[in-house]
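J.: Sharing coords.cif here; it has mmCIF, C-alpha atoms and all ligand atoms.
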```cif
data_query
#
loop_
_atom_site.label_atom_id
_atom_site.label_comp_id
_atom_site.auth_asym_id
_atom_site.auth_seq_id
_atom_site.Cartn_x
_atom_site.Cartn_y
_atom_site.Cartn_z
CA MET A 100 11.70 52.04 39.27
CA SER A 101 15.14 53.42 40.22
CA LYS A 102 18.18 51.38 39.32
CA GLY A 103 19.92 49.52 42.15
CA ALA A 104 23.03 51.30 43.36
CA LEU A 105 26.59 50.17 42.65
CA ALA A 106 29.01 50.43 45.57
CA LEU A 107 32.75 50.73 44.83
CA LEU A 108 35.12 49.42 47.49
CA ILE A 109 38.64 49.91 46.20
CA SER A 110 41.98 49.84 47.93
CA GLY A 111 45.40 48.96 46.66
CA GLY A 112 47.38 52.11 47.15
CA THR A 113 48.89 52.34 43.66
CA GLU A 114 48.28 54.88 40.89
CA ASN A 115 46.09 52.47 38.96
CA TRP A 116 43.88 51.81 41.97
CA ALA A 117 43.26 55.48 42.86
CA PRO A 118 39.53 55.17 43.80
CA LEU A 119 38.44 58.47 42.20
CA ARG A 120 39.78 57.28 38.86
CA TRP A 121 37.45 54.32 39.07
CA ARG A 122 34.42 56.35 40.20
CA VAL A 123 34.70 58.60 37.12
CA ARG A 124 34.73 55.57 34.80
CA PHE A 125 31.79 53.83 36.49
CA LEU A 126 29.67 57.01 36.44
CA ARG A 127 30.34 57.19 32.69
CA VAL A 128 29.29 53.61 31.90
CA CYS A 129 26.35 53.37 34.35
CA PRO A 130 24.08 56.26 33.30
CA GLY A 131 21.14 56.74 35.65
CA ARG A 132 22.55 54.34 38.25
CA PRO A 133 23.72 55.66 41.63
CA VAL A 134 27.44 54.91 42.00
CA ALA A 135 28.85 55.30 45.51
CA LEU A 136 32.52 55.22 46.37
CA ILE A 137 32.68 53.68 49.85
CA PRO A 138 33.40 55.20 52.36
CA VAL A 139 33.54 58.63 50.64
CA ASP A 140 29.98 58.86 49.26
CA ALA A 141 26.80 58.57 51.31
CA VAL A 142 24.50 55.75 50.14
CA ASP A 143 21.42 54.00 51.48
CA ALA A 144 22.92 50.55 52.16
CA ALA A 145 19.59 48.87 51.32
CA SER A 146 19.65 50.34 47.79
CA VAL A 147 22.97 48.71 46.90
CA ARG A 148 22.51 45.73 44.58
CA TYR A 149 26.02 45.50 43.13
CA ALA A 150 29.50 45.91 44.52
CA ALA A 151 32.69 46.33 42.48
CA VAL A 152 35.70 45.63 44.65
CA TRP A 153 39.47 45.41 44.83
CA LYS A 154 40.89 44.17 48.11
CA PRO A 155 37.88 45.30 50.19
CA LYS A 156 38.29 45.28 53.96
CA PRO A 157 37.08 41.95 55.43
CA GLY A 158 33.43 42.27 56.47
CA ALA A 159 32.83 45.43 54.43
CA LEU A 160 30.37 43.76 52.05
CA SER A 161 28.15 42.56 54.88
CA ASP A 162 26.85 46.14 55.19
CA PHE A 163 24.63 45.70 52.10
CA PRO A 164 21.59 43.50 52.83
CA ASN A 165 20.26 43.45 49.23
CA LEU A 166 23.50 42.73 47.39
CA GLU A 167 22.97 40.59 44.26
CA VAL A 168 26.42 40.38 42.66
CA ILE A 169 30.02 41.12 43.69
CA PHE A 170 32.41 42.06 40.87
CA ASN A 171 36.08 41.55 41.64
CA LEU A 172 37.98 44.18 39.64
CA GLY A 173 40.83 41.80 38.84
CA ALA A 174 41.32 38.25 37.62
CA GLY A 175 42.58 36.81 40.91
CA VAL A 176 40.02 36.52 43.69
CA ASP A 177 42.23 35.27 46.53
CA ALA A 178 41.98 38.56 48.48
CA VAL A 179 38.17 38.52 48.37
CA ILE A 180 37.51 34.86 48.84
CA SER A 181 39.60 34.75 52.01
CA ASP A 182 36.90 36.90 53.70
CA LEU A 183 34.77 34.32 55.51
CA THR A 184 31.97 36.87 55.92
CA LEU A 185 31.62 37.40 52.15
CA PRO A 186 27.88 37.41 51.28
CA PRO A 187 26.83 34.22 49.45
CA VAL A 188 25.98 35.96 46.16
CA PRO A 189 27.69 35.34 42.80
CA LEU A 190 31.28 36.58 42.69
CA VAL A 191 32.29 37.58 39.15
CA ARG A 192 35.95 38.01 38.23
CA VAL A 193 37.62 39.82 35.34
CA ALA A 194 38.34 37.85 32.18
CA VAL A 195 38.64 40.34 29.32
CA GLY A 196 40.88 40.76 26.30
CA ASP A 197 42.46 43.95 27.61
CA LEU A 198 43.86 42.31 30.74
CA THR A 199 44.75 39.09 28.93
CA GLY A 200 46.71 41.03 26.29
CA ARG A 201 48.66 42.88 28.96
CA MET A 202 49.65 39.64 30.69
CA THR A 203 50.69 38.06 27.42
CA GLU A 204 52.88 41.09 26.65
CA TYR A 205 54.59 40.71 30.03
CA VAL A 206 55.18 36.97 29.77
CA VAL A 207 56.36 37.11 26.15
CA MET A 208 58.69 40.01 26.97
CA HIS A 209 60.35 38.15 29.85
CA VAL A 210 60.59 34.82 28.03
CA LEU A 211 62.26 36.69 25.16
CA MET A 212 64.60 38.55 27.54
CA HIS A 213 65.88 35.22 28.87
CA HIS A 214 65.91 33.53 25.46
CA ARG A 215 67.82 36.41 23.80
CA ARG A 216 70.06 36.96 26.88
CA GLN A 217 69.09 40.59 27.14
CA GLY A 218 70.74 40.90 30.59
CA TYR A 219 74.11 40.00 29.07
CA TYR A 220 73.70 42.44 26.15
CA ALA A 221 72.61 45.28 28.45
CA GLU A 222 75.74 44.71 30.55
CA SER A 223 77.90 44.50 27.41
CA GLN A 224 76.55 47.84 26.23
CA ARG A 225 77.37 49.47 29.57
CA ALA A 226 80.90 48.01 29.34
CA LYS A 227 81.21 48.97 25.63
CA VAL A 228 81.90 45.33 24.78
CA TRP A 229 81.03 44.01 21.30
CA ALA A 230 80.78 40.26 21.91
CA PRO A 231 77.81 38.51 20.34
CA LYS A 232 77.11 35.01 21.64
CA LEU A 233 75.74 32.11 19.63
CA GLN A 234 71.94 32.29 19.57
CA TRP A 235 69.72 29.21 19.46
CA ALA A 236 66.27 29.10 17.86
CA ALA A 237 63.04 29.69 19.77
CA SER A 238 62.09 26.08 19.05
CA ASP A 239 65.10 25.01 21.15
CA LEU A 240 63.64 26.56 24.30
CA ARG A 241 61.03 24.62 26.26
CA VAL A 242 58.55 26.92 27.98
CA GLY A 243 56.14 25.41 30.51
CA ILE A 244 53.10 27.33 31.68
CA MET A 245 51.47 26.45 34.99
CA GLY A 246 47.79 27.33 34.62
CA LEU A 247 46.05 27.04 31.27
CA GLY A 248 43.16 29.34 32.10
CA VAL A 249 42.27 32.58 30.36
CA LEU A 250 45.76 34.05 30.82
CA GLY A 251 47.93 30.95 30.58
CA ARG A 252 46.28 29.73 27.39
CA ASP A 253 46.75 33.04 25.58
CA CYS A 254 50.41 33.25 26.63
CA ALA A 255 50.94 29.65 25.50
CA GLU A 256 49.39 30.29 22.10
CA VAL A 257 51.39 33.47 21.44
CA LEU A 258 54.66 31.88 22.59
CA ALA A 259 53.98 28.87 20.36
CA ARG A 260 53.26 31.22 17.46
CA ILE A 261 56.70 32.78 17.98
CA GLY A 262 58.15 29.29 17.75
CA PHE A 263 58.88 28.23 21.34
CA ASP A 264 58.34 24.61 22.35
CA VAL A 265 55.39 25.21 24.70
CA ALA A 266 53.66 22.98 27.23
CA GLY A 267 51.01 23.78 29.80
CA TRP A 268 49.80 22.26 33.04
CA SER A 269 46.33 22.62 34.54
CA GLY A 270 43.90 20.93 36.91
CA THR A 271 41.80 19.36 34.16
CA TRP A 272 43.30 18.22 30.86
CA LYS A 273 43.03 20.55 27.85
CA SER A 274 43.40 20.08 24.13
CA ILE A 275 45.12 23.15 22.64
CA PRO A 276 46.58 22.92 19.13
CA GLY A 277 50.36 23.25 19.19
CA ILE A 278 50.65 23.02 23.00
CA LYS A 279 51.71 19.90 24.90
CA CYS A 280 49.12 19.62 27.65
CA PHE A 281 49.62 18.05 31.07
CA ALA A 282 47.17 17.90 33.96
CA GLY A 283 46.97 17.13 37.65
CA GLU A 284 49.50 16.06 40.25
CA GLY A 285 50.17 12.85 38.34
CA GLN A 286 51.61 14.66 35.30
CA LEU A 287 53.37 17.50 37.09
CA GLY A 288 56.74 15.69 37.18
CA ASP A 289 56.72 15.02 33.41
CA PHE A 290 55.69 18.61 32.72
CA LEU A 291 58.53 20.00 34.85
CA ALA A 292 61.10 17.58 33.44
CA ARG A 293 60.65 19.05 29.93
CA THR A 294 60.63 22.71 31.03
CA ASP A 295 63.49 25.22 30.73
CA VAL A 296 61.42 28.34 31.50
CA LEU A 297 58.59 27.84 33.99
CA VAL A 298 55.86 30.51 33.81
CA CYS A 299 53.40 30.51 36.71
CA LEU A 300 49.89 31.79 36.03
CA LEU A 301 48.02 29.79 38.63
CA PRO A 302 45.45 31.25 41.00
CA LEU A 303 46.36 31.26 44.69
CA THR A 304 44.32 28.56 46.44
CA ALA A 305 44.87 26.11 49.28
CA GLN A 306 46.14 23.61 46.67
CA THR A 307 48.55 25.94 44.87
CA ARG A 308 50.01 27.90 47.80
CA GLY A 309 53.78 27.41 47.91
CA ILE A 310 53.90 25.35 44.71
CA LEU A 311 56.98 27.28 43.50
CA SER A 312 59.25 25.53 45.97
CA ARG A 313 62.65 23.86 45.90
CA ARG A 314 60.87 20.51 45.38
CA THR A 315 59.37 21.86 42.14
CA PHE A 316 62.56 23.61 40.98
CA ALA A 317 64.58 20.42 41.47
CA LYS A 318 62.37 18.65 38.89
CA LEU A 319 62.93 21.21 36.09
CA ALA A 320 65.06 20.32 33.07
CA ARG A 321 68.79 20.90 33.52
CA ASP A 322 69.93 20.14 29.98
CA GLY A 323 68.44 23.21 28.27
CA LYS A 324 70.07 25.92 26.18
CA LEU A 325 70.02 28.53 28.96
CA GLY A 326 72.33 26.49 31.19
CA GLY A 327 69.79 26.19 34.00
CA PRO A 328 66.08 26.58 34.68
CA VAL A 329 64.35 29.95 34.88
CA ILE A 330 61.08 30.82 36.62
CA ILE A 331 58.65 33.63 35.84
CA ASN A 332 55.90 34.18 38.43
CA ALA A 333 53.10 36.57 37.51
CA GLY A 334 50.40 34.72 39.46
CA ARG A 335 50.51 35.59 43.16
CA GLY A 336 53.27 35.93 45.73
CA GLY A 337 51.72 33.19 47.87
CA LEU A 338 52.50 30.68 45.13
CA GLN A 339 56.23 31.05 45.78
CA VAL A 340 58.40 29.99 48.72
CA GLU A 341 60.69 32.99 48.70
CA ASP A 342 63.53 31.51 50.75
CA ASP A 343 63.55 28.53 48.38
CA ILE A 344 63.87 30.84 45.36
CA LEU A 345 66.80 32.66 46.92
CA SER A 346 68.64 29.51 47.98
CA ALA A 347 67.91 27.84 44.61
CA LEU A 348 69.38 30.85 42.79
CA ASP A 349 72.40 30.82 45.04
CA ASP A 350 73.19 27.10 44.65
CA GLY A 351 72.44 26.96 40.91
CA THR A 352 69.20 24.97 41.10
CA LEU A 353 67.71 28.00 39.33
CA LEU A 354 69.55 30.16 36.84
CA ALA A 355 67.28 33.20 37.12
CA ALA A 356 63.89 34.42 38.29
CA THR A 357 61.47 37.03 37.00
CA LEU A 358 58.99 37.99 39.71
CA ASP A 359 56.00 40.33 39.45
CA VAL A 360 54.36 39.26 42.71
CA PHE A 361 55.56 38.81 46.28
CA ALA A 362 54.39 37.46 49.62
CA THR A 363 54.52 41.02 50.99
CA GLU A 364 53.58 43.88 48.66
CA PRO A 365 54.92 46.48 48.32
CA LEU A 366 58.20 44.56 48.49
CA PRO A 367 59.98 45.73 51.68
CA PRO A 368 63.11 47.86 51.08
CA ASP A 369 65.32 45.29 52.82
CA SER A 370 64.18 42.39 50.63
CA PRO A 371 67.16 40.58 49.06
CA PHE A 372 65.19 40.32 45.81
CA TRP A 373 65.77 44.01 45.02
CA SER A 374 69.48 43.59 44.47
CA HIS A 375 69.86 39.92 43.57
CA PRO A 376 71.91 39.81 40.35
CA ARG A 377 69.76 37.08 38.81
CA VAL A 378 66.34 38.45 39.75
CA THR A 379 64.28 40.72 37.51
CA LEU A 380 61.32 42.17 39.34
CA SER A 381 58.32 44.36 38.70
CA PRO A 382 55.78 45.90 41.13
CA HIS A 383 52.77 43.62 40.53
CA ASN A 384 51.84 45.28 37.27
CA ALA A 385 52.23 42.46 34.77
CA ALA A 386 48.60 43.02 33.82
CA ASP A 387 47.05 46.16 35.23
CA THR A 388 43.27 46.26 35.39
CA ASP A 389 42.35 49.14 33.12
CA PRO A 390 39.43 51.22 34.50
CA ASP A 391 37.97 51.93 31.03
CA ALA A 392 37.92 48.29 29.92
CA ILE A 393 36.88 46.87 33.28
CA SER A 394 34.13 49.36 34.19
CA LEU A 395 32.59 48.64 30.79
CA TYR A 396 32.84 44.90 31.44
CA VAL A 397 31.08 45.29 34.82
CA ALA A 398 28.35 47.47 33.28
CA GLU A 399 27.78 44.80 30.60
CA GLN A 400 27.55 42.07 33.24
CA ILE A 401 25.00 44.10 35.19
CA ALA A 402 22.98 44.59 31.99
CA ARG A 403 23.07 40.81 31.34
CA HIS A 404 21.94 40.12 34.89
CA GLU A 405 19.06 42.58 34.63
CA ARG A 406 17.96 41.04 31.30
CA GLY A 407 17.80 37.69 33.09
CA GLU A 408 20.87 36.28 31.28
CA PRO A 409 23.54 34.32 33.15
CA LEU A 410 26.53 36.22 34.53
CA GLN A 411 29.88 35.31 32.97
CA ASN A 412 33.12 34.33 34.74
CA VAL A 413 31.45 33.45 38.03
CA VAL A 414 34.00 32.15 40.55
CA ASP A 415 33.67 28.61 41.85
CA ARG A 416 33.95 29.39 45.54
CA ALA A 417 34.64 25.79 46.51
CA ALA A 418 37.58 25.59 44.07
CA GLY A 419 38.77 29.06 45.13
CA TYR A 420 39.13 30.52 41.60
P1 LIG B 1 41.79 31.03 35.34
O1 LIG B 1 41.21 31.31 33.99
O2 LIG B 1 40.88 30.72 36.46
O3 LIG B 1 42.85 29.84 35.14
C1 LIG B 1 43.45 29.20 36.22
C2 LIG B 1 44.21 28.00 35.70
O4 LIG B 1 44.92 27.42 36.79
C3 LIG B 1 43.30 26.92 35.13
O5 LIG B 1 43.87 26.33 33.99
C4 LIG B 1 43.24 25.91 36.27
O6 LIG B 1 42.99 24.58 35.88
C5 LIG B 1 44.63 26.03 36.83
N1 LIG B 1 44.68 25.52 38.20
C6 LIG B 1 44.03 25.96 39.29
N2 LIG B 1 44.32 25.21 40.36
C7 LIG B 1 45.18 24.25 39.92
C8 LIG B 1 45.85 23.18 40.55
N3 LIG B 1 45.69 22.90 41.86
N4 LIG B 1 46.64 22.39 39.79
C9 LIG B 1 46.80 22.64 38.46
N5 LIG B 1 46.21 23.65 37.82
C10 LIG B 1 45.40 24.45 38.54
O7 LIG B 1 42.68 32.25 35.80
P2 LIG B 1 43.40 33.37 34.92
O8 LIG B 1 42.41 34.40 34.50
O9 LIG B 1 44.19 32.70 33.87
O10 LIG B 1 44.36 34.05 36.01
C11 LIG B 1 45.34 33.30 36.69
C12 LIG B 1 45.91 34.09 37.84
O11 LIG B 1 46.77 35.13 37.36
C13 LIG B 1 44.91 34.86 38.70
O12 LIG B 1 44.27 34.01 39.64
C14 LIG B 1 45.78 35.90 39.39
O13 LIG B 1 46.27 35.40 40.62
C15 LIG B 1 46.94 36.09 38.41
N6 LIG B 1 46.97 37.45 37.83
C16 LIG B 1 48.06 38.23 38.06
C17 LIG B 1 48.13 39.49 37.49
C18 LIG B 1 49.34 40.35 37.65
O14 LIG B 1 49.32 41.53 37.26
N7 LIG B 1 50.43 39.83 38.17
C19 LIG B 1 47.06 39.96 36.71
C20 LIG B 1 45.98 39.15 36.52
C21 LIG B 1 45.93 37.87 37.08
P3 LIG B 1 41.57 24.16 35.21
O15 LIG B 1 41.63 24.77 33.84
O16 LIG B 1 41.59 22.71 35.20
O17 LIG B 1 40.51 24.79 36.07
C1 LIG B 2 45.80 41.32 39.29
O1 LIG B 2 46.66 40.92 40.00
C2 LIG B 2 44.60 40.58 38.99
O2 LIG B 2 44.34 39.59 39.66
O3 LIG B 2 43.88 41.00 38.08
#
```
In structure tokens, how does this file's structure come out?
Ligand code: NAP
Ligand code: GLV
T.:
Amino acid sequence: MSKGALALLISGGTENWAPLRWRVRFLRVCPGRPVALIPVDAVDAASVRYAAVWKPKPGALSDFPNLEVIFNLGAGVDAVISDLTLPPVPLVRVAVGDLTGRMTEYVVMHVLMHHRRQGYYAESQRAKVWAPKLQWAASDLRVGIMGLGVLGRDCAEVLARIGFDVAGWSGTWKSIPGIKCFAGEGQLGDFLARTDVLVCLLPLTAQTRGILSRRTFAKLARDGKLGGPVIINAGRGGLQVEDDILSALDDGTLLAATLDVFATEPLPPDSPFWSHPRVTLSPHNAADTDPDAISLYVAEQIARHERGEPLQNVVDRAAGY
């Protein structure tokens, strides 16, 4: 019996998401299985049993009547789940060490840049000024991570290992050695009140949209070593109220912001974020999805499914993540 075909529906427009790059990797890890890059390759729609997608066009997956599993090629599923015509088959997201490690690198790097005042030292170098400032210990800085899922937990553990005073906030309460855990709306205020650097690694859902607002920023600690609260958002742009970030930076409610994600991506050339002196930004690449690691992960999930074993990392569609 021939193997069910795998359809690739990939858009994104950046170097990492070049569709041909992904087709090569999938052909390598799916020997004997037809792999069709849609809409480039011809495929009998009825033969397609699996789809691997990144930001597919709404409705595009309805073309395959025998689809069994949809694999989202990233961790966040907001772009897929918003398609009301999405076939009611399991939706599997990425949760692999490669992507987790990349996110942890990004978060640790930016927490350290704020903690060690790298912006000041970079400016001092340009001005040829030798003026070291007093440096506090990592344990003096309170980092708070919103989202204690696959990514948030790893970041929390590595930051705690470095010595930071780390807390995390999630929907359901967790027990993580060395991390102060908070959960739910009821404990959000206490979590924010002890946080100097707020790292957001939440998924974008109806409940979390706009959570990085002035109301949230106003509850952050104001007695920390940095001289004001800092936010780092590597979740999704829809989590942040961008006008609130700008006005909070301008009136001192926030000291600084590191942003990897934006409401509109690519960030428009006239966005004030580009040139704001207290904003550090990156082009949504905190944790790139690596085609080698992720095609292998999808091939392994297909093998599990065909052996009759349960798929891993299936999205709870009602929860939205
Ligand atoms: P995950 O494992 O699903 O974890 C999500 C966490 O958020 C969980 O701890 C969950 O709580 C918590 N959460 C969800 N809704 C909440 C709410 N209303 N209130 C409080 N906590 C809530 O997800 P992940 O793999 O860590 O990924 C997180 C997000 O990172 C993705 O959804 C994606 O948007 C983003 N991301 C960005 C990049 C990038 O390059 N910038 C790369 C990858 C991922 P429970 O534990 O109680 O369920
Ligand atoms: C990237 O943003 C992802 O969700 O994996």
J.: Go through A:Val134, A:Ile275, A:Ala237, A:Ala174 one by one, measure the shortest atom-to-atom distance of each to ligand LIG 2 (chain B) using all atoms listed in the file, and give the residue with the smallest value.
T.: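 Result for the nearest residue to ligand LIG 2 (chain B): A:Ala174.
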J.: Check which residues of chain A sit at most 10 Å from ligand LIG 2 (chain B) using only C-alpha atoms and all ligand atoms, and return one row each with the closest pair of atoms and their distance in Å to one decimal, ordered by chain and rising number, as JSON lines.
T.:
```
{"residue": "A:Trp153", "atom": "CA", "partner": "B:LIG2", "partner_atom": "C2", "distance": 9.2}
{"residue": "A:Asn171", "atom": "CA", "partner": "B:LIG2", "partner_atom": "O3", "distance": 8.6}
{"residue": "A:Leu172", "atom": "CA", "partner": "B:LIG2", "partner_atom": "O3", "distance": 6.9}
{"residue": "A:Gly173", "atom": "CA", "partner": "B:LIG2", "partner_atom": "O3", "distance": 3.2}
{"residue": "A:Ala174", "atom": "CA", "partner": "B:LIG2", "partner_atom": "O3", "distance": 3.8}
{"residue": "A:Gly175", "atom": "CA", "partner": "B:LIG2", "partner_atom": "O2", "distance": 3.5}
{"residue": "A:Val176", "atom": "CA", "partner": "B:LIG2", "partner_atom": "O2", "distance": 6.7}
{"residue": "A:Asp177", "atom": "CA", "partner": "B:LIG2", "partner_atom": "O2", "distance": 8.4}
{"residue": "A:Ala178", "atom": "CA", "partner": "B:LIG2", "partner_atom": "O2", "distance": 9.2}
{"residue": "A:Arg192", "atom": "CA", "partner": "B:LIG2", "partner_atom": "O3", "distance": 8.5}
{"residue": "A:Val193", "atom": "CA", "partner": "B:LIG2", "partner_atom": "O3", "distance": 6.9}
{"residue": "A:Ala194", "atom": "CA", "partner": "B:LIG2", "partner_atom": "O3", "distance": 8.7}
{"residue": "A:Leu198", "atom": "CA", "partner": "B:LIG2", "partner_atom": "O3", "distance": 7.5}
{"residue": "A:Thr199", "atom": "CA", "partner": "B:LIG2", "partner_atom": "O3", "distance": 9.4}
{"residue": "A:Met202", "atom": "CA", "partner": "B:LIG2", "partner_atom": "O3", "distance": 9.5}
{"residue": "A:Pro302", "atom": "CA", "partner": "B:LIG2", "partner_atom": "O2", "distance": 8.5}
{"residue": "A:Leu303", "atom": "CA", "partner": "B:LIG2", "partner_atom": "O2", "distance": 9.9}
{"residue": "A:Ala333", "atom": "CA", "partner": "B:LIG2", "partner_atom": "O1", "distance": 8.2}
{"residue": "A:Gly334", "atom": "CA", "partner": "B:LIG2", "partner_atom": "O1", "distance": 7.3}
{"residue": "A:Arg335", "atom": "CA", "partner": "B:LIG2", "partner_atom": "O1", "distance": 7.3}
{"residue": "A:Asp359", "atom": "CA", "partner": "B:LIG2", "partner_atom": "O1", "distance": 9.4}
{"residue": "A:Val360", "atom": "CA", "partner": "B:LIG2", "partner_atom": "O1", "distance": 8.3}
{"residue": "A:His383", "atom": "CA", "partner": "B:LIG2", "partner_atom": "O1", "distance": 6.7}
{"residue": "A:Asn384", "atom": "CA", "partner": "B:LIG2", "partner_atom": "O1", "distance": 7.3}
{"residue": "A:Ala385", "atom": "CA", "partner": "B:LIG2", "partner_atom": "O1", "distance": 7.8}
{"residue": "A:Ala386", "atom": "CA", "partner": "B:LIG2", "partner_atom": "C1", "distance": 6.4}
{"residue": "A:Asp387", "atom": "CA", "partner": "B:LIG2", "partner_atom": "C1", "distance": 6.4}
{"residue": "A:Thr388", "atom": "CA", "partner": "B:LIG2", "partner_atom": "O3", "distance": 5.9}
{"residue": "A:Asp389", "atom": "CA", "partner": "B:LIG2", "partner_atom": "O3", "distance": 9.7}
```
J.: Please produce a file of those selected residues containing C-alpha atoms, as a PDB file, in the coordinates of the input.
T.:
```pdb
ATOM      1  CA  TRP A 153      39.470  45.410  44.830  1.00  0.00           C
ATOM      2  CA  ASN A 171      36.080  41.550  41.640  1.00  0.00           C
ATOM      3  CA  LEU A 172      37.980  44.180  39.640  1.00  0.00           C
ATOM      4  CA  GLY A 173      40.830  41.800  38.840  1.00  0.00           C
ATOM      5  CA  ALA A 174      41.320  38.250  37.620  1.00  0.00           C
ATOM      6  CA  GLY A 175      42.580  36.810  40.910  1.00  0.00           C
ATOM      7  CA  VAL A 176      40.020  36.520  43.690  1.00  0.00           C
ATOM      8  CA  ASP A 177      42.230  35.270  46.530  1.00  0.00           C
ATOM      9  CA  ALA A 178      41.980  38.560  48.480  1.00  0.00           C
ATOM     10  CA  ARG A 192      35.950  38.010  38.230  1.00  0.00           C
ATOM     11  CA  VAL A 193      37.620  39.820  35.340  1.00  0.00           C
ATOM     12  CA  ALA A 194      38.340  37.850  32.180  1.00  0.00           C
ATOM     13  CA  LEU A 198      43.860  42.310  30.740  1.00  0.00           C
ATOM     14  CA  THR A 199      44.750  39.090  28.930  1.00  0.00           C
ATOM     15  CA  MET A 202      49.650  39.640  30.690  1.00  0.00           C
ATOM     16  CA  PRO A 302      45.450  31.250  41.000  1.00  0.00           C
ATOM     17  CA  LEU A 303      46.360  31.260  44.690  1.00  0.00           C
ATOM     18  CA  ALA A 333      53.100  36.570  37.510  1.00  0.00           C
ATOM     19  CA  GLY A 334      50.400  34.720  39.460  1.00  0.00           C
ATOM     20  CA  ARG A 335      50.510  35.590  43.160  1.00  0.00           C
ATOM     21  CA  ASP A 359      56.000  40.330  39.450  1.00  0.00           C
ATOM     22  CA  VAL A 360      54.360  39.260  42.710  1.00  0.00           C
ATOM     23  CA  HIS A 383      52.770  43.620  40.530  1.00  0.00           C
ATOM     24  CA  ASN A 384      51.840  45.280  37.270  1.00  0.00           C
ATOM     25  CA  ALA A 385      52.230  42.460  34.770  1.00  0.00           C
ATOM     26  CA  ALA A 386      48.600  43.020  33.820  1.00  0.00           C
ATOM     27  CA  ASP A 387      47.050  46.160  35.230  1.00  0.00           C
ATOM     28  CA  THR A 388      43.270  46.260  35.390  1.00  0.00           C
ATOM     29  CA  ASP A 389      42.350  49.140  33.120  1.00  0.00           C
TER      30      ASP A 389
END
```
J.: Find the spatial neighbours of Thr379 in chain A, counting all atoms listed in the file, within a cut-off of 12 Å - ignore same-chain residues fewer than 2 positions away - and output them as a ChimeraX atom specification.
T.: /A:208-210,212-213,217-218,329-333,354-360,371-377,381-382
J.: Which one is closest to Val298 in chain A: A:Glu399, A:Gly248, A:Tyr219, A:Val206? Count all atoms listed in the file.
T.: A:Val206
J.: Taking only C-alpha atoms into account, which of A:Pro138, A:Pro189, A:Ser161, A:Pro367 comes nearest Gln400 in chain A?
T.: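 Of A:Pro138, A:Pro189, A:Ser161, A:Pro367, the one nearest Gln400 in chain A, counting only C-alpha atoms, is A:Pro189.
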J.: I'd like the interatomic distance between CA of Arg148 in chain A and CA of Glu167 in chain A, to a tenth of an Å.
T.: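 CA of Arg148 in chain A sits 5.2 Å away from CA of Glu167 in chain A.
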